[in-house]
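The structure under discussion appears below in the form of structure tokens.
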Amino acid sequence: MKLNLIAPKKNSDEREYWDAKFISLVYGAEKYECTFLSLATVAALTPPGVDIRIVDENIEEINFDEEVDIVGITCNTSLALRAYEIADEFRKRGIKVVLGGIHPSMLPQEAIQHADAVVIGETENVWSQLISDYKERCLKRFYESLEKPCLDNQPVPRYDLLKNEKYVFHVVQTTRGCPYDCEFCSVKPMLGNKYRYKPVEKILKEIETLIKIQNKLIFFSDDNFGGDKEHTKKLLKELLSFQITYSVQVSLDVVKDKELMELFVRSRCRKFLIGFESLSENNLKQINKAKCNRIEEYAKHIEKIQFYGIEVVGSFMFGCDYDDDTVFESTVNFIKDTNIASPVINILTPFPGTRLFERFKNENRILHTNWSKYDISHVCFMPKLMSPETLQNGYIWARQQVYSYDSIFKRLKHLWHLWNQSNARLWDRITPIITNLGSNDVAYSYPQAVHPDKFKYYQNMPIEKNVLKV
């Protein structure tokens, strides 16, 4: 039996600031950020006797005429339409197709129109049964576990099946679930409202496996890596003996725990991805993030984290109900004033399955369901205090401001002085930029500084202005 697991390609017709095409320019070779960890995980869960191949359409073409028995495709919402196209092509050839991932899980009745089976939610408790049913020719339409899988006995993902040399960084997951209930987030409906943990020894085994393949930056994809501080400290203490660099997603309160912060520094953490989301207290209350995000603490915590030598990748989104056309300039000014190392600006997006989607649907504010535009870069709903065009154009303007040469080098200069004061791996972090060496983490954070000539060419590529069309 032959199984192909497929990741659909991102829309390559539109240019992005931080996309695979630009990363390839920086590195001088074809590179992509990473692929879905779920593919390697499903491969590891597959019973013996199955010939498995992982195909990432972002780095290789799909051979629809390849002799294969069954195809599994995973996708988020922005990739759903391409996933359906791939599924339809294989089904035309009489090949069974299984769809899974966040979008098919939230809209299984839509997904089943393009598949022979849909996996709803996490795969661990149902995948072996699905493969068995396929072999017995009694494949069911839907597979859904009634219980959340325990991660204690999860096998090491089949990283060996990935074309690792094509990716900028590895991906490791140590926990699932989140007790927070942000209105815009799909983590809780997909993974539950409680943290579930992989045993530390299993995490270390995964890291050892990846180091043997290629020692490069690791991204811990947990939605809140520091959610359980004691569990995180236990893991970080073990990482002290590993010669790795890594980045994580955390909530802002980790900075209040001095022991935890020192462990992050000593274990060579490079970046904190933090969802600040908004500078409006009313917005934070509405999206249910006011408990963990206190606007009056933003600036001092950003400075403190970066003083430790850890870059803040600060995420903001435009389009919340209390945002008017002043939000763009005020957010840009805040980013400039606080010198956030790597600002990320998005458009609020009502993903299916979230409370936000249901609210906007009930308020008749969903503009369209062209899922390819649900990519946090396009407006797909009716804002409350501005027009869709104002939101889209303001988003483009704000990104141009924070990613301009002047803005980037001002932030670099600030980091230079800050890390010089704190002695926070100064030469380890800054020298690659100044000497144009282009190390993995530096080139990914500040590609403009590493190869300004290539960035200038890339920056002048046309950008689609009429992004509201569907």
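The chains in the structure tokens are called A, B, ... from first to last as shown; in each chain the residues are counted from 1, and the ligands are counted from 1 in the order shown.
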
Per DSSP on the backbone, what are the strand (DSSP E) residues of range 251-367 of chain A, as JSON, numbers by chain?
{"A": [269, 270, 271, 272, 273, 274, 275, 276, 277, 311, 312, 313, 314, 315, 316, 317, 318, 342, 343, 344, 345, 346, 347]}

Hey, what's within 8 Å of range 313-321 of chain A if we count only C-alpha atoms and toss same-chain stuff fewer than 5 positions away? As a VMD selection string, please?
chain A and resid 271 to 278 283 327 to 328 340 to 348 383 to 385 391 395

Output for the residues just chosen: C-alpha atoms as a PDB file, in the first residue's frame:
ATOM      1  CA  LYS A 271      12.902  35.099  19.579  1.00  0.00           C
ATOM      2  CA  PHE A 272       9.634  35.560  21.426  1.00  0.00           C
ATOM      3  CA  LEU A 273       6.580  35.755  19.183  1.00  0.00           C
ATOM      4  CA  ILE A 274       4.046  37.731  21.238  1.00  0.00           C
ATOM      5  CA  GLY A 275       0.492  38.603  20.232  1.00  0.00           C
ATOM      6  CA  PHE A 276       0.005  42.183  21.407  1.00  0.00           C
ATOM      7  CA  GLU A 277      -2.939  42.387  18.979  1.00  0.00           C
ATOM      8  CA  SER A 278      -4.155  45.904  19.798  1.00  0.00           C
ATOM      9  CA  ASN A 283     -10.557  45.802  21.603  1.00  0.00           C
ATOM     10  CA  VAL A 327      -5.155  52.873  14.294  1.00  0.00           C
ATOM     11  CA  PHE A 328      -2.562  52.615  11.519  1.00  0.00           C
ATOM     12  CA  ILE A 340      10.200  46.033  18.541  1.00  0.00           C
ATOM     13  CA  ALA A 341      12.817  43.929  16.773  1.00  0.00           C
ATOM     14  CA  SER A 342      10.466  42.249  14.287  1.00  0.00           C
ATOM     15  CA  PRO A 343       6.975  43.737  14.008  1.00  0.00           C
ATOM     16  CA  VAL A 344       4.265  41.647  12.383  1.00  0.00           C
ATOM     17  CA  ILE A 345       1.119  43.392  11.153  1.00  0.00           C
ATOM     18  CA  ASN A 346      -1.988  41.457  10.151  1.00  0.00           C
ATOM     19  CA  ILE A 347      -5.622  42.034   9.302  1.00  0.00           C
ATOM     20  CA  LEU A 348      -8.199  40.579  11.687  1.00  0.00           C
ATOM     21  CA  PRO A 383     -15.229  46.679   9.620  1.00  0.00           C
ATOM     22  CA  LYS A 384     -17.280  48.674  12.079  1.00  0.00           C
ATOM     23  CA  LEU A 385     -15.606  52.116  12.037  1.00  0.00           C
ATOM     24  CA  LEU A 391      -8.610  48.940   6.287  1.00  0.00           C
ATOM     25  CA  TYR A 395      -2.636  47.865   6.433  1.00  0.00           C
TER      26      TYR A 395
END

Neighbouring residues of range 243-257 of chain A were defined as those with any atom within 9 Å, considering only C-alpha atoms; residues of the same chain fewer than 3 positions away were excluded. Please report them as a PyMOL selection string.
chain A and resi 169+207+211+215-227+229+239-240+260-262+267-276+292-294+297-298+301-302+304-305+441

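Of the residues listed (A:Ala40, A:Cys185, A:Cys138, A:Leu284), A:Ala40 shows the shortest atom-to-atom separation from Glu206 in chain A; distances use only C-alpha atoms.
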
How close does range 85-152 of chain A get to range 349-373 of chain A? List, as JSON lines, each residue of range 85-152 of chain A within 8 Å, its nearest atom pair and the distance in Å to one decimal, counting only C-alpha atoms.
{"residue": "A:His103", "atom": "CA", "partner": "A:Pro352", "partner_atom": "CA", "distance": 7.3}
{"residue": "A:Met106", "atom": "CA", "partner": "A:Gly353", "partner_atom": "CA", "distance": 5.2}
{"residue": "A:Leu107", "atom": "CA", "partner": "A:Pro352", "partner_atom": "CA", "distance": 7.3}

Separation of CA of Arg176 in chain A from CA of Lys194 in chain A, in Å and rounded to one decimal
7.9 Å

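Between CA of Ile131 in chain A and CA of Lys9 in chain A there is a distance of 25.4 Å.
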
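When CA of Phe409 in chain A is paired with CA of Ser280 in chain A, their separation reads 27.7 Å.
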
Going by DSSP on the backbone, which bits of range 155-382 of chain A are alpha helix (DSSP H)? Write them as a ChimeraX atom specification, please.
/A:187-191,200-213,229-239,258-266,281-286,298-307,327-338,355-362

Quick one: residues within 9 Å of Gln154 in chain A, only C-alpha atoms, excluding same-chain residues fewer than 5 positions away - as an MDAnalysis selection string?
chainID A and resid 41 44:45 124 198 202

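The nearest approach to Val265 in chain A among the residues A:Asp228, A:Leu5, A:Gln286, A:Glu311, with only C-alpha atoms taken into account, belongs to A:Glu311.
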
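Restricting the calculation to only C-alpha atoms, the smallest distance between Glu230 in chain A and any of A:Leu79, A:Val200, A:Leu146, A:Leu210 is found for A:Val200.
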